[in-house]
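S.K.: One file is attached below, structure.cif, containing mmCIF, C-alpha atoms and all ligand atoms.
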data_input
loop_
_atom_site.label_atom_id
_atom_site.label_comp_id
_atom_site.auth_asym_id
_atom_site.auth_seq_id
_atom_site.Cartn_x
_atom_site.Cartn_y
_atom_site.Cartn_z
CA MET A 19 105.59 128.40 97.34
CA ALA A 20 105.50 126.24 100.44
CA SER A 21 107.12 127.46 103.63
CA LEU A 22 106.94 126.55 107.27
CA ARG A 23 105.32 128.87 109.73
CA VAL A 24 104.54 128.72 113.42
CA LEU A 25 100.85 128.28 114.07
CA ALA A 26 100.64 128.45 117.83
CA ARG A 27 99.22 131.74 119.03
CA SER A 28 98.25 130.79 122.52
CA SER A 29 99.55 127.27 122.94
CA HIS A 30 102.85 126.49 124.61
CA ARG A 31 104.23 124.34 121.85
CA ALA A 32 104.72 125.54 118.34
CA LEU A 33 102.87 123.59 115.70
CA LEU A 34 104.75 123.47 112.44
CA VAL A 35 102.61 122.92 109.41
CA PRO A 36 103.36 123.56 105.79
CA HIS A 37 101.87 126.85 104.74
CA ILE A 38 101.00 127.42 101.14
CA ALA A 39 101.09 131.18 100.70
CA PRO A 40 97.72 132.52 99.50
CA SER A 41 97.80 133.55 95.88
CA HIS A 42 97.25 137.15 94.92
CA SER A 43 94.47 136.72 92.44
CA PRO A 44 92.04 139.63 92.00
CA ALA A 45 89.67 137.88 94.43
CA CYS A 46 92.36 138.08 97.10
CA LYS A 47 92.45 141.84 96.87
CA ARG A 48 88.92 142.08 98.28
CA SER A 49 88.97 143.20 101.88
CA LEU A 50 88.40 140.42 104.39
CA SER A 51 86.62 140.68 107.70
CA THR A 52 89.62 140.99 110.01
CA ASP A 53 88.05 142.10 113.26
CA ALA A 54 85.95 139.70 115.32
CA ASP A 55 84.29 142.66 117.05
CA GLY A 56 83.07 143.79 113.65
CA ILE A 57 80.99 140.64 113.17
CA ASP A 58 77.33 141.65 113.51
CA LYS A 59 75.52 139.04 111.51
CA VAL A 60 76.12 135.29 111.38
CA ALA A 61 74.40 132.69 109.21
CA VAL A 62 74.13 129.07 110.23
CA ILE A 63 73.42 126.43 107.58
CA GLY A 64 71.83 123.33 109.11
CA ALA A 65 69.33 123.51 111.96
CA GLY A 66 70.23 120.17 113.53
CA GLN A 67 71.48 119.73 117.05
CA MET A 68 74.79 121.50 116.31
CA GLY A 69 73.40 124.30 114.14
CA ILE A 70 70.75 125.22 116.69
CA GLY A 71 73.27 125.17 119.53
CA ILE A 72 75.66 127.39 117.57
CA SER A 73 72.82 129.81 116.70
CA TYR A 74 71.71 130.01 120.31
CA VAL A 75 75.18 130.74 121.70
CA ALA A 76 75.98 133.23 118.92
CA ALA A 77 72.79 135.18 119.68
CA LYS A 78 72.96 134.89 123.46
CA THR A 79 76.66 135.17 124.28
CA ALA A 80 78.15 136.96 121.27
CA GLY A 81 75.00 139.08 120.87
CA VAL A 82 74.90 138.91 117.07
CA ASP A 83 72.00 138.51 114.64
CA VAL A 84 71.66 134.96 113.37
CA LEU A 85 70.08 133.80 110.14
CA ILE A 86 69.39 130.07 110.22
CA SER A 87 68.82 127.96 107.15
CA ASP A 88 68.00 124.29 106.57
CA ARG A 89 66.66 122.27 103.66
CA SER A 90 63.86 121.24 106.02
CA ALA A 91 61.52 123.98 107.26
CA GLN A 92 60.33 121.55 109.91
CA GLN A 93 63.86 121.28 111.31
CA ILE A 94 64.03 125.06 111.65
CA THR A 95 60.65 125.18 113.44
CA LYS A 96 61.76 122.40 115.78
CA GLY A 97 65.08 124.12 116.39
CA LEU A 98 63.50 127.48 117.17
CA GLN A 99 61.13 125.80 119.61
CA PHE A 100 64.17 124.33 121.29
CA VAL A 101 65.70 127.83 121.53
CA ASP A 102 62.45 129.00 123.18
CA THR A 103 62.71 126.14 125.67
CA LEU A 104 66.31 126.99 126.52
CA LEU A 105 65.50 130.68 126.99
CA GLY A 106 62.42 129.81 129.06
CA LYS A 107 64.63 127.84 131.41
CA GLU A 108 67.11 130.71 131.70
CA VAL A 109 64.25 133.01 132.71
CA LYS A 110 62.81 130.49 135.14
CA LYS A 111 66.18 130.13 136.82
CA GLY A 112 66.55 133.90 137.10
CA LYS A 113 69.58 133.95 134.81
CA MET A 114 67.91 136.44 132.51
CA ASN A 115 64.71 138.41 132.54
CA ASN A 116 61.92 138.18 129.98
CA GLU A 117 63.10 141.28 128.18
CA GLU A 118 66.61 139.86 127.71
CA ALA A 119 65.23 136.50 126.57
CA ASN A 120 63.00 138.23 124.02
CA ARG A 121 65.96 140.24 122.80
CA VAL A 122 68.06 137.10 122.29
CA ARG A 123 65.15 135.33 120.60
CA SER A 124 64.52 138.25 118.26
CA ARG A 125 68.10 138.04 117.01
CA ILE A 126 67.53 134.55 115.54
CA LYS A 127 65.61 134.49 112.27
CA ALA A 128 64.84 131.73 109.80
CA ALA A 129 66.01 132.21 106.22
CA SER A 130 63.43 131.53 103.54
CA GLU A 131 63.77 128.55 101.21
CA ASN A 132 65.75 130.38 98.52
CA GLY A 133 67.10 133.01 100.88
CA LEU A 134 70.72 132.57 99.79
CA GLN A 135 69.92 133.09 96.10
CA ASP A 136 67.43 135.88 96.92
CA GLY A 137 69.98 138.08 98.68
CA GLU A 138 68.92 137.47 102.31
CA PHE A 139 72.55 136.75 103.21
CA ALA A 140 73.86 140.03 101.76
CA GLU A 141 74.94 141.37 105.16
CA VAL A 142 76.33 138.19 106.64
CA ASP A 143 79.86 138.52 108.06
CA LEU A 144 80.42 134.88 108.95
CA VAL A 145 78.62 131.67 108.03
CA VAL A 146 78.91 128.41 109.95
CA GLU A 147 78.00 125.37 107.90
CA ALA A 148 76.61 122.61 110.15
CA VAL A 149 74.78 120.26 107.77
CA SER A 150 75.08 116.48 107.83
CA GLU A 151 78.58 115.01 107.61
CA ASN A 152 78.60 114.34 103.87
CA LEU A 153 81.40 115.58 101.64
CA ALA A 154 79.34 116.06 98.46
CA VAL A 155 76.60 117.96 100.31
CA LYS A 156 79.11 120.23 102.01
CA GLN A 157 81.00 120.86 98.76
CA THR A 158 77.79 121.98 97.06
CA ILE A 159 77.02 124.30 99.96
CA PHE A 160 80.50 125.84 99.93
CA SER A 161 80.20 126.54 96.24
CA GLN A 162 76.79 128.20 96.82
CA LEU A 163 78.13 130.22 99.75
CA ALA A 164 81.13 131.37 97.70
CA THR A 165 78.72 132.56 95.02
CA HIS A 166 76.20 134.40 97.16
CA LEU A 167 77.92 135.65 100.31
CA PRO A 168 79.34 139.19 100.45
CA PRO A 169 83.03 139.37 99.53
CA HIS A 170 84.32 139.89 103.08
CA ALA A 171 82.40 136.99 104.69
CA ILE A 172 84.17 134.13 106.43
CA LEU A 173 83.04 130.62 105.45
CA ALA A 174 83.39 128.25 108.42
CA SER A 175 82.53 124.56 108.68
CA ASN A 176 81.67 122.60 111.80
CA THR A 177 82.75 119.33 110.17
CA SER A 178 84.09 116.65 112.52
CA SER A 179 86.20 114.79 110.02
CA ILE A 180 86.20 116.25 106.51
CA SER A 181 89.35 117.98 105.28
CA LEU A 182 89.02 121.77 105.38
CA SER A 183 91.47 122.10 102.49
CA THR A 184 89.13 119.91 100.40
CA LEU A 185 86.10 122.01 101.37
CA ALA A 186 88.02 125.23 100.71
CA ALA A 187 88.83 124.02 97.20
CA SER A 188 85.10 123.88 96.45
CA ALA A 189 84.51 127.49 97.57
CA ILE A 190 84.41 128.85 94.04
CA ASP A 191 82.13 131.69 93.01
CA GLN A 192 80.01 130.12 90.27
CA LYS A 193 79.46 133.47 88.57
CA THR A 194 83.05 134.71 88.41
CA GLY A 195 85.02 131.48 88.75
CA GLN A 196 87.08 133.04 91.54
CA SER A 197 88.20 130.98 94.50
CA ARG A 198 87.31 132.06 98.03
CA ALA A 199 89.36 129.26 99.57
CA ARG A 200 91.39 131.63 101.74
CA GLN A 201 88.16 132.63 103.56
CA VAL A 202 87.39 129.03 104.62
CA VAL A 203 88.18 127.78 108.12
CA GLY A 204 87.22 124.85 110.37
CA PHE A 205 85.17 125.79 113.42
CA HIS A 206 84.61 122.54 115.34
CA PHE A 207 82.13 122.90 118.20
CA PHE A 208 81.22 120.17 120.66
CA ASN A 209 77.85 118.82 121.66
CA PRO A 210 75.89 120.26 123.44
CA VAL A 211 77.20 123.61 122.18
CA PRO A 212 75.70 125.76 124.99
CA VAL A 213 77.58 123.69 127.57
CA MET A 214 80.82 122.52 126.00
CA LYS A 215 83.50 125.16 126.32
CA LEU A 216 85.76 124.20 123.43
CA VAL A 217 86.06 125.15 119.79
CA GLU A 218 88.76 123.53 117.68
CA LEU A 219 89.95 125.92 115.02
CA ILE A 220 91.32 124.33 111.87
CA PRO A 221 92.99 126.31 109.12
CA ALA A 222 92.82 124.84 105.63
CA LEU A 223 96.11 125.01 103.78
CA GLN A 224 94.57 127.93 101.88
CA THR A 225 93.23 129.90 104.90
CA ASP A 226 94.36 133.50 105.20
CA PRO A 227 95.92 134.19 108.66
CA SER A 228 93.59 137.18 109.17
CA VAL A 229 90.57 134.90 108.66
CA LEU A 230 91.95 132.53 111.28
CA ASP A 231 92.42 135.40 113.74
CA THR A 232 88.89 136.67 113.19
CA ALA A 233 87.39 133.21 113.61
CA ARG A 234 89.36 132.75 116.84
CA GLY A 235 88.18 136.10 118.13
CA PHE A 236 84.58 135.29 117.32
CA ALA A 237 84.76 131.89 119.07
CA GLU A 238 86.04 133.79 122.11
CA ARG A 239 83.13 136.23 121.83
CA MET A 240 80.92 133.14 122.02
CA GLY A 241 82.57 132.37 125.36
CA LYS A 242 84.61 129.44 124.06
CA THR A 243 88.20 128.43 124.61
CA VAL A 244 89.97 127.79 121.34
CA THR A 245 92.52 125.16 120.46
CA GLN A 246 94.06 125.01 117.03
CA SER A 247 94.63 121.88 115.00
CA ALA A 248 96.25 121.30 111.66
CA ASP A 249 93.94 120.01 108.94
CA THR A 250 94.59 116.34 109.70
CA PRO A 251 92.09 113.49 110.07
CA GLY A 252 90.18 113.72 113.36
CA PHE A 253 91.85 117.03 114.27
CA ILE A 254 93.07 116.92 117.91
CA SER A 255 89.89 115.69 119.55
CA ASN A 256 88.91 112.63 117.54
CA ARG A 257 92.49 111.72 116.70
CA LEU A 258 93.07 111.15 120.42
CA LEU A 259 89.60 110.08 121.57
CA MET A 260 88.73 107.51 118.91
CA PRO A 261 91.90 105.39 119.14
CA PHE A 262 91.39 105.43 122.92
CA ILE A 263 87.82 104.14 122.56
CA ASN A 264 88.94 101.65 119.90
CA GLU A 265 91.68 100.33 122.22
CA ALA A 266 89.10 99.85 124.97
CA ILE A 267 87.02 97.76 122.54
CA ILE A 268 90.10 95.73 121.57
CA ALA A 269 90.75 95.15 125.29
CA LEU A 270 87.19 93.82 125.59
CA GLU A 271 87.40 91.60 122.50
CA THR A 272 90.76 90.11 123.50
CA GLY A 273 89.48 89.27 126.99
CA VAL A 274 91.62 91.69 128.97
CA ALA A 275 88.66 92.54 131.20
CA THR A 276 84.89 92.80 131.32
CA LYS A 277 83.18 95.89 129.93
CA GLU A 278 82.27 96.98 133.45
CA ASP A 279 85.87 96.66 134.68
CA ILE A 280 87.24 98.53 131.66
CA ASP A 281 84.82 101.42 132.25
CA THR A 282 85.25 101.43 136.03
CA THR A 283 89.05 101.48 135.70
CA LEU A 284 88.97 104.61 133.57
CA LYS A 285 86.27 106.27 135.66
CA LEU A 286 87.71 105.70 139.08
CA GLY A 287 91.39 105.27 138.24
CA MET A 288 91.72 108.14 135.80
CA ASN A 289 88.79 110.28 136.93
CA HIS A 290 87.11 110.18 133.54
CA PRO A 291 83.45 111.23 133.76
CA MET A 292 82.41 108.03 132.01
CA GLY A 293 84.11 104.87 130.79
CA PRO A 294 85.18 104.56 127.12
CA LEU A 295 82.63 101.85 126.28
CA THR A 296 79.77 103.88 127.72
CA LEU A 297 81.04 106.92 125.86
CA ALA A 298 81.19 104.91 122.61
CA ASP A 299 77.55 103.88 123.14
CA PHE A 300 76.52 107.51 123.57
CA ILE A 301 78.49 108.79 120.58
CA GLY A 302 77.13 105.95 118.41
CA LEU A 303 79.19 102.94 117.39
CA ASP A 304 78.61 103.69 113.68
CA THR A 305 80.10 107.16 114.21
CA CYS A 306 83.08 105.71 116.07
CA LEU A 307 83.65 103.17 113.27
CA SER A 308 83.38 105.77 110.56
CA ILE A 309 85.91 108.07 112.26
CA MET A 310 88.35 105.17 112.75
CA GLU A 311 87.93 104.32 109.06
CA VAL A 312 88.71 107.92 108.09
CA LEU A 313 91.82 107.91 110.31
CA MET A 314 92.97 104.58 108.86
CA ARG A 315 92.21 105.49 105.24
CA GLU A 316 93.76 108.93 105.30
CA THR A 317 96.92 108.05 107.23
CA GLY A 318 97.38 104.46 106.03
CA ASP A 319 98.68 103.76 109.55
CA SER A 320 97.64 100.38 110.96
CA LYS A 321 97.53 101.80 114.48
CA TYR A 322 94.11 103.18 113.49
CA ARG A 323 92.70 99.78 112.47
CA PRO A 324 89.13 99.63 113.76
CA SER A 325 88.49 96.80 116.19
CA VAL A 326 86.86 93.73 114.58
CA LEU A 327 84.25 93.71 117.35
CA LEU A 328 83.34 97.34 116.61
CA GLY A 329 82.71 96.46 112.94
CA ARG A 330 80.67 93.38 113.88
CA MET A 331 78.51 95.36 116.31
CA VAL A 332 77.74 97.98 113.69
CA SER A 333 76.89 95.24 111.15
CA ALA A 334 74.52 93.73 113.70
CA GLY A 335 72.78 97.09 114.17
CA TYR A 336 74.10 97.48 117.72
CA LEU A 337 74.78 101.18 117.40
CA GLY A 338 74.73 102.15 121.08
CA LYS A 339 72.14 104.16 122.92
CA LYS A 340 70.32 105.33 119.80
CA SER A 341 69.46 101.75 118.80
CA GLY A 342 68.87 100.55 122.36
CA GLN A 343 71.82 98.14 122.23
CA GLY A 344 75.53 98.75 122.28
CA PHE A 345 78.01 97.53 124.86
CA TYR A 346 75.16 98.09 127.28
CA THR A 347 71.39 97.75 126.85
CA TYR A 348 69.23 100.88 126.94
CA THR A 349 65.54 100.85 127.60
CA ALA A 350 63.19 103.69 126.69
CA ARG A 351 63.02 106.41 129.27
CA PRO A 352 59.88 106.09 131.45
CA PRO A 353 57.23 108.79 130.97
CA PRO A 354 57.70 111.92 133.09
CA PRO A 355 56.07 111.77 136.53
CA PRO A 356 52.74 113.62 136.85
CA GLN A 357 54.21 116.07 139.34
CA LYS A 358 57.58 117.72 139.04
CA GLU A 359 60.17 116.79 141.62
CA ARG A 360 61.11 119.62 143.93
CA LYS A 361 64.68 120.62 144.63
CA ASP A 362 65.89 121.43 148.14
CA ASP A 363 65.30 125.12 147.51
CA GLY A 364 61.70 124.42 146.54
CA THR A 365 62.08 125.19 142.82
CA ASP A 366 61.20 122.72 140.06
CA ALA A 367 63.91 120.23 139.21
CA ASP A 368 63.58 120.43 135.44
CA PRO A 369 66.20 118.83 133.25
CA PRO A 370 68.44 121.70 132.20
CA TYR A 371 68.44 120.75 128.54
CA GLY A 372 66.01 119.05 126.26
CA ASN A 373 62.40 117.98 126.17
CA ALA A 374 60.35 115.65 128.32
CA GLU A 375 60.46 112.77 125.83
CA GLY A 376 64.22 113.12 125.35
CA ASP A 377 65.67 111.88 122.08
CA VAL A 378 69.09 110.31 121.79
CA ASP A 379 70.98 113.53 121.25
CA VAL A 380 69.28 115.38 124.04
CA GLY A 381 69.92 112.34 126.20
CA LEU A 382 73.61 112.71 125.43
CA GLY A 383 73.34 116.39 126.26
CA ARG A 384 71.86 115.54 129.64
CA LEU A 385 74.47 112.93 130.33
CA LEU A 386 77.26 115.32 129.42
CA LEU A 387 75.72 118.00 131.61
CA LYS A 388 75.52 115.56 134.45
CA SER A 389 79.03 114.28 133.91
CA ILE A 390 80.51 117.75 134.21
CA GLY A 391 78.18 118.83 136.99
CA ALA A 392 76.50 121.49 134.86
CA ASP A 393 73.08 120.05 135.60
CA LYS A 394 73.42 121.25 139.16
CA LYS A 395 74.82 124.66 138.36
CA GLN A 396 72.09 125.70 135.92
N1 LIG B 1 76.64 115.72 116.74
C1 LIG B 1 77.82 115.97 117.24
O1 LIG B 1 78.14 115.59 118.36
C2 LIG B 1 78.79 116.82 116.46
C3 LIG B 1 79.87 117.42 117.12
C4 LIG B 1 80.74 118.24 116.40
C5 LIG B 1 80.54 118.42 115.04
N2 LIG B 1 79.48 117.81 114.42
C6 LIG B 1 79.29 118.08 112.99
O2 LIG B 1 78.28 119.05 112.84
C7 LIG B 1 77.58 118.81 111.62
C8 LIG B 1 76.11 118.68 111.90
O3 LIG B 1 75.91 117.63 112.80
P1 LIG B 1 74.54 117.47 113.62
O4 LIG B 1 74.83 116.48 114.67
O5 LIG B 1 73.99 118.80 113.97
O6 LIG B 1 73.63 116.81 112.50
P2 LIG B 1 72.03 116.76 112.44
O7 LIG B 1 71.71 115.55 111.65
O8 LIG B 1 71.42 116.96 113.79
O9 LIG B 1 71.67 118.08 111.57
C9 LIG B 1 72.05 118.23 110.24
C10 LIG B 1 71.08 119.22 109.62
O10 LIG B 1 71.55 119.52 108.31
C11 LIG B 1 70.41 119.67 107.48
N3 LIG B 1 70.83 119.51 106.09
C12 LIG B 1 71.29 118.41 105.49
N4 LIG B 1 71.60 118.69 104.20
C13 LIG B 1 71.34 120.02 104.01
C14 LIG B 1 71.46 120.91 102.92
N5 LIG B 1 71.90 120.49 101.73
N6 LIG B 1 71.12 122.20 103.10
C15 LIG B 1 70.63 122.65 104.29
N7 LIG B 1 70.50 121.84 105.37
C16 LIG B 1 70.86 120.54 105.23
C17 LIG B 1 69.45 118.58 107.95
O11 LIG B 1 68.11 118.86 107.56
C18 LIG B 1 69.66 118.66 109.46
O12 LIG B 1 68.74 119.57 110.07
C19 LIG B 1 78.23 117.60 110.98
O13 LIG B 1 79.21 118.03 110.09
C20 LIG B 1 78.85 116.89 112.16
O14 LIG B 1 79.94 116.09 111.81
C21 LIG B 1 78.59 117.04 115.10
#
Would you put the structure from the file into structure tokens?
Ligand SMILES: NC(=O)c1ccc[n+]([C@@H]2O[C@H](COP(=O)([O-])OP(=O)(O)OC[C@H]3O[C@@H](n4cnc5c(N)ncnc54)[C@H](O)[C@@H]3O)[C@@H](O)[C@H]2O)c1
M.R.:
Amino acid sequence: MASLRVLARSSHRALLVPHIAPSHSPACKRSLSTDADGIDKVAVIGAGQMGIGISYVAAKTAGVDVLISDRSAQQITKGLQFVDTLLGKEVKKGKMNNEEANRVRSRIKAASENGLQDGEFAEVDLVVEAVSENLAVKQTIFSQLATHLPPHAILASNTSSISLSTLAASAIDQKTGQSRARQVVGFHFFNPVPVMKLVELIPALQTDPSVLDTARGFAERMGKTVTQSADTPGFISNRLLMPFINEAIIALETGVATKEDIDTTLKLGMNHPMGPLTLADFIGLDTCLSIMEVLMRETGDSKYRPSVLLGRMVSAGYLGKKSGQGFYTYTARPPPPPQKERKDDGTDADPPYGNAEGDVDVGLGRLLLKSIGADKKQ
């Protein structure tokens, strides 16, 4: 039976969303993990930029064991090397000693290829799915997780745009046929995870309130501030950001101003760290288009119509920084200088995040760090 309940624990304004009371099937009588302090072991599915960042912060800040899994063993190797790099920098900057870094590193382990089916996840309290943004792939994973994870485990997804209620519906134990939908929750981190302080928490319609509380508590253990969004397209973040970026593109295409003046107005007039067209280039114009299409399709509201220019640019392959051409032109980063620059205090001025070559995502990480001043603090 549907009822309305208040879903604002720490926000000032109450958020009213329809709540479908969880059913009391036998599966629901299993005890759920209700205490965030009781979470000792986390699994992360997907060792891409988000999965690795989540693993690193879970091990370092929350101090839990992390089991990381990916369909590509190479991705895991690459990700663990990145963790080593991050820890090496912490040591070099005196933020932790070697012993602490080794302790953090020893908490992160790679799952074997069939680890889920072979019982390696038997002691996992919470899993964060962070595989590519593809509904069918995520649905398959949620069905596998529902089959193989211990009964109390929380099943969280880092999806940016897929409905949590839809994912929860696929969390069915393939052996017993029982639904674990009430244990599914959205756990939306931001990139780069070690730097960005926010997690958006998104309950599916089916999520049990105790699961939501535990997930919130664990995000806080990871040092994050939590906001809560209803399971609506784009959640809070992209529902507000993407129409803003889209409107900036419409302003450009209708001749309101040049791209430079649009960006400068928002930077200097509104104190934004970067203008909306630059930000669109760094996010990727294909990503921006796809989120606008989700907003438009799922709400049917014409205010989310993607700009014609945005669609044309994506068709032309102008995807932003990753393709070298977006609203601005990006050239490859020059090779690193033979000698490291020295900071005023005489220490090496290494980039705080990423490798010397710098791929697109790490480039975004650096830019974000710079934009919030974290490059200087670290
Ligand atoms: N990149 C961002 O800024 C950002 C921010 C917030 C949320 N997200 C979300 O996080 C998720 C991951 O994004 P990302 O940027 O880390 O992507 P990514 O492409 O860097 O990594 C995805 C990883 O998933 C792995 N993978 C794909 N299918 C798999 C499967 N069936 N089983 C196991 N592993 C599989 C891939 O090998 C890859 O390592 C997506 O849902 C995305 O929407 C991304």
S.K.: As AutoDock Vina command-line options, please report the centre and edge lengths, rounded to one decimal in Å, of the axis-aligned box that holds all listed atoms of stretch 147-153 of chain A with 6 Å of padding on each of the six sides.
M.R.:
--center_x 78.1 --center_y 119.9 --center_z 105.9 --size_x 18.6 --size_y 23.0 --size_z 20.5
S.K.: Throw together the list of residues within 9 Å of ligand LIG 1 (chain B), counting only C-alpha atoms and all ligand atoms, and drop it here as a count of residues only.
M.R.: 44
S.K.: Looking at only C-alpha atoms, which of A:Gly106, A:Ala222, A:Val82, A:Val274 is the one that sits closest to A:Ser181?
M.R.: A:Ala222
S.K.: Near A:Tyr74, within 8 Å and counting only C-alpha atoms, which residues show up once chain neighbours fewer than 2 positions away are dropped, as an NGL selection string?
M.R.: :A and (70-72 or 76-78 or 101 or 126 or 212)
S.K.: Near A:Arg239, counting all atoms listed in the file, which residues have an atom at most 8 Å away, once you skip same-chain residues fewer than 3 positions from it, shown as JSON, numbers by chain?
M.R.: {"A": [54, 79, 80, 235, 236, 242]}
S.K.: Keeping only C-alpha atoms, take the residues you just selected and write them out as a short mmCIF file (atom, residue, chain, number, x, y, z; two decimals), in the coordinates of the input.
M.R.:
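The file below, selection-v5.cif, is the result:
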data_model
loop_
_atom_site.label_atom_id
_atom_site.label_comp_id
_atom_site.auth_asym_id
_atom_site.auth_seq_id
_atom_site.Cartn_x
_atom_site.Cartn_y
_atom_site.Cartn_z
CA ALA A 54 85.95 139.70 115.32
CA THR A 79 76.66 135.17 124.28
CA ALA A 80 78.15 136.96 121.27
CA GLY A 235 88.18 136.10 118.13
CA PHE A 236 84.58 135.29 117.32
CA LYS A 242 84.61 129.44 124.06
#
S.K.: What separation in Å, quoted to one decimal, exists between atom CA of A:Glu271 and atom CA of A:Leu327?
M.R.: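 Separating atom CA of A:Glu271 from atom CA of A:Leu327 is a distance of 6.4 Å.
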S.K.: Taking 2 positions as the minimum chain separation for residues in the same chain, which residues sit within 6 Å of stretch 55-57 of chain A when counting all atoms listed in the file? Answer as an mmCIF file with C-alpha atoms, in the frame of the given file.
M.R.:
data_model
loop_
_atom_site.group_PDB
_atom_site.id
_atom_site.type_symbol
_atom_site.label_atom_id
_atom_site.label_comp_id
_atom_site.auth_asym_id
_atom_site.auth_seq_id
_atom_site.Cartn_x
_atom_site.Cartn_y
_atom_site.Cartn_z
ATOM 1 C CA ASP A 53 88.050 142.100 113.260
ATOM 2 C CA LYS A 59 75.520 139.040 111.510
ATOM 3 C CA ASP A 143 79.860 138.520 108.060
#
S.K.: Just the number, please: distance in Å from atom CA of A:Tyr336 to atom CA of A:Asp304, one decimal.
M.R.: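 It comes out at 8.7 Å.
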S.K.: Calculate how many Å separate atom CA of A:Glu278 from atom CA of A:Met292, rounding to one decimal.
M.R.: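 The value is 11.1 Å.
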S.K.: Is it possible to dump stretch 55-66 of chain A as a JSON list (two decimals), in the first residue's frame, including just N, CA and C atoms?
M.R.:
[["chain", "number", "residue", "atom", "x", "y", "z"],
["A", 55, "ASP", "N", 28.70, 1.06, 11.48],
["A", 55, "ASP", "CA", 29.96, 0.71, 12.17],
["A", 55, "ASP", "C", 30.25, -0.78, 12.05],
["A", 56, "GLY", "N", 29.22, -1.55, 11.79],
["A", 56, "GLY", "CA", 29.40, -3.00, 11.68],
["A", 56, "GLY", "C", 29.90, -3.43, 10.31],
["A", 57, "ILE", "N", 30.05, -2.49, 9.40],
["A", 57, "ILE", "CA", 30.54, -2.87, 8.06],
["A", 57, "ILE", "C", 32.06, -3.02, 8.09],
["A", 58, "ASP", "N", 32.51, -4.25, 7.85],
["A", 58, "ASP", "CA", 33.95, -4.54, 7.89],
["A", 58, "ASP", "C", 34.51, -4.83, 6.51],
["A", 59, "LYS", "N", 33.65, -5.34, 5.64],
["A", 59, "LYS", "CA", 34.15, -5.75, 4.34],
["A", 59, "LYS", "C", 33.23, -5.24, 3.23],
["A", 60, "VAL", "N", 33.86, -4.56, 2.26],
["A", 60, "VAL", "CA", 33.11, -3.98, 1.15],
["A", 60, "VAL", "C", 33.62, -4.60, -0.14],
["A", 61, "ALA", "N", 32.71, -4.86, -1.07],
["A", 61, "ALA", "CA", 33.14, -5.28, -2.41],
["A", 61, "ALA", "C", 32.82, -4.17, -3.39],
["A", 62, "VAL", "N", 33.68, -3.99, -4.36],
["A", 62, "VAL", "CA", 33.44, -3.00, -5.40],
["A", 62, "VAL", "C", 33.48, -3.73, -6.73],
["A", 63, "ILE", "N", 32.41, -3.60, -7.52],
["A", 63, "ILE", "CA", 32.37, -4.26, -8.83],
["A", 63, "ILE", "C", 32.62, -3.19, -9.89],
["A", 64, "GLY", "N", 33.72, -3.35, -10.62],
["A", 64, "GLY", "CA", 34.12, -2.34, -11.62],
["A", 64, "GLY", "C", 35.33, -1.60, -11.11],
["A", 65, "ALA", "N", 36.47, -1.82, -11.79],
["A", 65, "ALA", "CA", 37.72, -1.18, -11.35],
["A", 65, "ALA", "C", 38.08, -0.02, -12.27],
["A", 66, "GLY", "N", 37.08, 0.72, -12.71],
["A", 66, "GLY", "CA", 37.33, 1.91, -13.53],
["A", 66, "GLY", "C", 37.68, 3.07, -12.62]]
